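Q: model-v9.csv is the file, holding CSV, C-alpha atoms:
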```
chain,number,residue,atom,x,y,z
R,1,MET,CA,92.3,96.1,74.2
R,2,ASN,CA,90.3,94.8,77.0
R,3,SER,CA,90.7,97.4,79.8
R,4,PRO,CA,88.4,98.7,82.5
R,5,LEU,CA,89.1,102.2,81.1
R,6,ASN,CA,87.2,101.2,78.0
R,7,SER,CA,84.1,100.2,79.9
R,8,PRO,CA,80.9,102.3,79.4
R,9,ALA,CA,80.4,101.9,83.1
R,10,LEU,CA,83.8,103.4,83.9
R,11,THR,CA,84.2,105.1,87.3
R,12,LEU,CA,87.3,106.6,88.7
R,13,LYS,CA,86.1,107.1,92.3
R,14,ALA,CA,85.7,104.8,95.3
R,15,ASP,CA,85.1,105.3,99.0
R,16,SER,CA,87.2,103.2,101.3
R,17,ASN,CA,84.9,104.0,104.2
R,18,GLN,CA,82.2,101.9,102.5
R,19,HIS,CA,84.3,98.7,102.4
R,20,ILE,CA,85.3,97.2,105.7
R,21,ASN,CA,87.8,94.4,105.5
R,22,TYR,CA,88.3,93.5,109.1
R,23,GLN,CA,87.0,95.0,112.4
R,24,ALA,CA,88.1,94.2,115.9
R,25,ASP,CA,86.1,96.9,117.5
R,26,ALA,CA,84.9,100.5,116.8
R,27,HIS,CA,88.4,101.8,117.0
R,28,ASN,CA,90.4,99.1,115.4
R,29,TYR,CA,89.6,98.3,111.8
R,30,LEU,CA,90.7,98.2,108.1
R,31,THR,CA,88.7,99.5,105.2
R,32,GLN,CA,89.9,99.0,101.6
R,33,VAL,CA,89.9,99.9,98.0
R,34,PHE,CA,91.1,97.1,95.7
R,35,GLY,CA,90.2,95.9,92.2
R,36,ALA,CA,86.8,94.6,93.3
R,37,GLU,CA,85.8,98.1,94.5
R,38,LEU,CA,87.4,100.1,91.7
R,39,PRO,CA,88.2,98.1,88.6
R,40,ALA,CA,90.2,101.0,87.1
R,41,ILE,CA,92.7,101.0,90.0
R,42,GLN,CA,96.3,100.0,89.3
R,43,THR,CA,97.2,99.9,93.0
R,44,GLY,CA,95.2,98.9,96.1
R,45,LEU,CA,95.1,100.1,99.7
R,46,PHE,CA,94.1,99.5,103.2
R,47,ASN,CA,92.9,102.4,105.3
R,48,VAL,CA,93.9,101.4,108.8
R,49,HIS,CA,92.8,102.7,112.2
R,50,MET,CA,94.3,101.2,115.4
R,51,THR,CA,94.7,101.9,119.1
R,52,ARG,CA,97.5,100.9,121.6
R,53,GLY,CA,97.6,97.2,122.4
R,54,PHE,CA,96.8,96.0,118.9
R,55,VAL,CA,99.2,94.8,116.2
R,56,VAL,CA,99.0,94.1,112.5
R,57,GLN,CA,100.0,90.5,112.8
R,58,PRO,CA,103.2,89.1,111.2
R,59,HIS,CA,102.5,88.2,107.6
R,60,TRP,CA,103.9,88.5,104.1
R,61,HIS,CA,102.7,89.1,100.6
R,62,THR,CA,103.5,86.8,97.7
R,63,ASN,CA,102.7,89.1,94.9
R,64,ALA,CA,103.0,92.7,96.2
R,65,THR,CA,105.3,95.3,97.6
R,66,GLU,CA,103.6,97.4,100.3
R,67,LEU,CA,104.1,101.1,101.2
R,68,ILE,CA,103.1,102.2,104.7
R,69,PHE,CA,102.2,105.9,104.9
R,70,ALA,CA,101.7,107.3,108.4
R,71,ILE,CA,98.8,109.9,108.7
R,72,SER,CA,98.5,110.4,112.5
R,73,GLY,CA,100.1,108.9,115.6
R,74,GLU,CA,103.3,106.9,115.8
R,75,ILE,CA,103.8,103.3,114.5
R,76,LEU,CA,106.7,100.8,114.4
R,77,THR,CA,107.2,98.8,111.2
R,78,SER,CA,109.3,95.7,111.4
R,79,VAL,CA,110.4,93.7,108.4
R,80,PHE,CA,112.7,90.7,108.2
R,81,ASN,CA,115.4,91.1,105.4
R,82,PRO,CA,115.9,87.6,104.0
R,83,CYS,CA,119.0,88.7,102.1
R,84,THR,CA,120.9,89.8,105.2
R,85,GLN,CA,119.0,87.9,107.9
R,86,GLN,CA,118.4,91.1,109.7
R,87,LEU,CA,115.2,92.5,111.4
R,88,MET,CA,114.8,96.1,110.2
R,89,THR,CA,112.6,98.2,112.4
R,90,TYR,CA,111.5,101.8,111.8
R,91,LYS,CA,109.5,104.4,113.7
R,92,LEU,CA,107.1,106.3,111.5
R,93,THR,CA,105.4,109.6,112.4
R,94,PRO,CA,102.9,111.6,110.2
R,95,GLY,CA,104.1,112.0,106.7
R,96,GLN,CA,106.8,109.3,106.8
R,97,VAL,CA,106.8,106.1,104.8
R,98,CYS,CA,108.3,102.6,104.9
R,99,VAL,CA,108.5,100.1,102.0
R,100,LEU,CA,107.9,96.4,102.7
R,101,PRO,CA,109.3,94.4,99.7
R,102,LYS,CA,107.4,91.6,98.1
R,103,GLY,CA,107.8,88.3,100.0
R,104,TRP,CA,109.4,89.9,103.1
R,105,PHE,CA,107.9,89.0,106.5
R,106,HIS,CA,106.6,92.0,108.4
R,107,TRP,CA,104.3,93.4,111.1
R,108,ILE,CA,103.3,96.8,112.7
R,109,VAL,CA,102.8,97.9,116.3
R,110,LEU,CA,101.6,101.2,117.8
R,111,LEU,CA,103.8,103.5,119.9
R,112,SER,CA,101.0,106.1,120.4
R,113,GLU,CA,97.5,105.8,121.9
R,114,GLN,CA,96.0,105.7,118.5
R,115,ALA,CA,97.2,105.8,114.9
R,116,HIS,CA,95.9,106.1,111.3
R,117,PHE,CA,97.9,105.0,108.3
R,118,LEU,CA,97.6,103.7,104.8
R,119,ALA,CA,99.0,100.4,103.5
R,120,ILE,CA,99.3,100.9,99.7
R,121,PHE,CA,100.1,98.0,97.4
R,122,ASP,CA,101.6,98.0,93.8
R,123,VAL,CA,98.9,95.6,92.5
R,124,PRO,CA,95.1,95.9,92.5
R,125,THR,CA,94.6,92.9,94.8
R,126,PRO,CA,97.4,91.6,96.9
R,127,ASP,CA,97.7,88.0,98.2
R,128,VAL,CA,98.8,87.4,101.8
R,129,VAL,CA,100.1,84.6,104.0
R,130,TYR,CA,99.1,85.3,107.6
R,131,GLY,CA,101.4,84.2,110.4
R,132,SER,CA,98.5,82.9,112.3
R,133,ASP,CA,97.5,80.5,109.5
R,134,PHE,CA,101.1,79.4,109.0
R,135,LEU,CA,101.7,78.7,112.7
R,136,LYS,CA,98.5,76.7,113.2
R,137,ALA,CA,99.2,74.7,110.1
R,138,ILE,CA,102.5,73.4,111.3
R,139,PRO,CA,102.2,69.9,113.0
R,140,PRO,CA,103.5,70.1,116.6
R,141,GLU,CA,105.7,67.0,115.9
R,142,VAL,CA,107.4,68.9,113.1
R,143,LEU,CA,108.2,71.8,115.5
R,144,ASN,CA,109.4,69.3,118.1
R,145,ARG,CA,111.8,67.6,115.6
R,146,ALA,CA,113.0,70.8,114.0
R,147,TYR,CA,113.5,73.1,117.0
R,148,CYS,CA,113.0,70.8,120.1
R,149,VAL,CA,109.8,72.7,121.0
R,150,SER,CA,107.4,70.8,123.3
R,151,GLU,CA,104.4,69.5,121.3
R,152,GLU,CA,102.0,70.2,124.1
R,153,ASP,CA,103.4,73.7,124.7
R,154,TYR,CA,103.0,74.5,121.0
R,155,LYS,CA,99.4,73.2,120.9
R,156,LYS,CA,98.6,75.5,123.8
R,157,ALA,CA,100.4,78.4,122.2
R,158,VAL,CA,98.4,78.3,118.9
R,159,ALA,CA,95.1,77.3,120.5
R,160,PRO,CA,93.7,81.0,120.3
R,161,LEU,CA,94.4,81.1,116.5
R,162,GLN,CA,91.0,80.0,115.4
R,163,GLU,CA,90.7,82.4,112.5
R,164,SER,CA,92.9,84.5,110.2
R,165,VAL,CA,93.6,87.3,112.7
R,166,ILE,CA,94.6,90.5,110.8
R,167,LEU,CA,94.7,92.8,113.9
R,168,GLY,CA,95.9,90.9,117.0
R,169,PRO,CA,95.7,89.8,119.7
R,170,PRO,CA,93.1,87.2,118.7
R,171,PRO,CA,89.8,86.7,120.6
R,172,GLY,CA,90.3,84.5,123.7
R,173,CYS,CA,93.9,85.6,124.2
R,174,GLY,CA,94.9,86.4,127.8
R,175,ASN,CA,96.2,89.9,126.9
R,176,VAL,CA,93.4,90.9,124.6
R,177,PRO,CA,92.2,94.5,125.1
R,178,PRO,CA,88.8,94.5,126.9
R,179,SER,CA,87.1,96.1,123.9
R,180,VAL,CA,88.1,93.6,121.3
R,181,GLN,CA,85.2,91.7,119.7
R,182,GLY,CA,87.1,89.7,117.1
R,183,ILE,CA,84.6,90.4,114.3
R,184,GLN,CA,86.1,89.5,110.9
R,185,LYS,CA,84.6,91.1,107.8
R,186,ARG,CA,85.0,90.2,104.2
R,187,PRO,CA,88.6,89.0,103.5
R,188,HIS,CA,90.0,90.7,100.4
R,189,HIS,CA,92.3,87.9,99.3
R,190,GLY,CA,91.0,85.4,96.7
R,191,GLY,CA,93.8,82.9,97.4
R,192,HIS,CA,97.5,82.5,98.0
R,193,GLN,CA,100.0,82.1,95.2
R,194,ALA,CA,103.8,81.5,95.2
R,195,ALA,CA,106.1,84.4,94.9
R,196,ALA,CA,107.0,85.0,91.2
R,197,SER,CA,110.6,85.7,91.9
R,198,SER,CA,113.3,85.8,94.7
R,199,PRO,CA,112.3,88.2,97.5
R,200,CYS,CA,115.9,89.6,97.6
R,201,PRO,CA,116.5,92.7,95.4
R,202,SER,CA,119.2,92.7,92.8
R,203,HIS,CA,122.4,94.4,93.5
R,204,GLY,CA,122.1,98.1,94.0
R,205,GLN,CA,118.4,98.3,94.7
R,206,VAL,CA,117.4,100.0,98.0
R,207,TYR,CA,113.9,99.4,99.2
R,208,LEU,CA,113.7,100.5,102.8
R,209,HIS,CA,114.6,103.9,104.3
R,210,GLY,CA,114.8,104.7,108.0
R,211,TYR,CA,114.2,108.0,109.8
R,212,ALA,CA,116.1,109.7,112.6
R,213,GLY,CA,119.3,108.1,111.5
R,214,GLN,CA,119.5,104.4,112.1
R,215,PRO,CA,117.0,101.5,112.6
R,216,TYR,CA,116.2,100.7,116.2
R,217,ASN,CA,118.7,98.4,117.9
R,218,ARG,CA,116.3,97.3,120.6
R,219,TYR,CA,112.8,96.4,119.8
R,220,PRO,CA,110.5,98.6,122.0
R,221,TYR,CA,107.6,96.5,123.0
R,222,SER,CA,105.9,99.2,125.0
R,223,TYR,CA,102.1,99.1,125.1
```
What's the structure tokens form of this structure?
A:
Amino acid sequence: MNSPLNSPALTLKADSNQHINYQADAHNYLTQVFGAELPAIQTGLFNVHMTRGFVVQPHWHTNATELIFAISGEILTSVFNPCTQQLMTYKLTPGQVCVLPKGWFHWIVLLSEQAHFLAIFDVPTPDVVYGSDFLKAIPPEVLNRAYCVSEEDYKKAVAPLQESVILGPPPGCGNVPPSVQGIQKRPHHGGHQAAASSPCPSHGQVYLHGYAGQPYNRYPYSY
């Protein structure tokens, strides 16, 4: 059996602090432990630090389910349910979790001045499709024909999306926090692949749990 556990160089420890994935500034960054850093790992994780005004941009994972675990501060996770066509939004405080099923579009914003949380995946190295890459790839004429969106307005709207922005807003945006530097470190994704199965769970499966009763009915964009 060819397994990392059989390797004479086996190690079962890694330090996420040593592996920066993306850094906007000294207070907004992601570190990681994935298969490249710890071959024996069966999961993978981002260690995320953020401050008010930043957002984990809308994106989805083609091969992984994600668990958000709040360590400090308050965050708001939002995920689009393709089965019910509903936006499901949950406030997380320390110790609370939210599951983001494979293939479901999602993002995270802060409700507190700063926050620390883990994004834990069920595969050693997840793939991702960033909303910024998707939006800038759509030809303006397609948006115009599909949704009657002005081609010129769309070109202006996506002009700041010059790179795969993990923590938004992107550099050059009008509402970018003063401290943002837009420094992108090593991307952890080796490529994109199609989802292996339907993103909708089979009957009876429950993936997402809210806290304090019900999901938010009104999206609180309060920075």
Q: With distances taken over all atoms listed in the file, which residue among R:Glu66, R:Glu141, R:Glu74, R:Glu152 lies nearest Pro124 (chain R)?
A: R:Glu66
Q: What does the distance between CA of Ala137 (chain R) and CA of Leu167 (chain R) come to in Å, to one decimal place?
A: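 Between these atoms lies a distance of 19.0 Å.
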Q: Each residue of region 60-146 of chain R lying at most 9 Å from region 33-41 of chain R should get a row with its shortest atom-to-atom pair and the distance in Å to one decimal, counting all atoms listed in the file; could you produce that, ordered by chain and increasing number, as JSON lines?
A:
```
{"residue": "R:Val123", "atom": "CA", "partner": "R:Phe34", "partner_atom": "CA", "distance": 8.6}
{"residue": "R:Pro124", "atom": "CA", "partner": "R:Gly35", "partner_atom": "CA", "distance": 4.9}
{"residue": "R:Thr125", "atom": "CA", "partner": "R:Phe34", "partner_atom": "CA", "distance": 5.5}
{"residue": "R:Pro126", "atom": "CA", "partner": "R:Phe34", "partner_atom": "CA", "distance": 8.4}
```
Q: For CA of Lys136 (chain R) and CA of Phe117 (chain R), determine how far apart the two atoms are, in Å to one decimal place.
A: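 Pair CA of Lys136 (chain R) / CA of Phe117 (chain R) returns 28.7 Å.
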Q: Between CA of Trp107 (chain R) and CA of Phe80 (chain R), what is the distance, to one decimal in Å?
A: 9.3 Å
Q: For Pro160 (chain R), find every residue with an atom within 8 Å (counting all atoms listed in the file), except residues of its own chain fewer than 2 positions away, and show them as a ChimeraX atom specification.
A: /R:157-158,162,170-173
Q: Any idea what's packed within 10 Å of Leu110 (chain R), counting all atoms listed in the file, ignoring anything in its chain fewer than 3 positions away? Could you give it as number ranges by chain?
A: R: 50-56, 73-77, 91-92, 113-116, 221-223
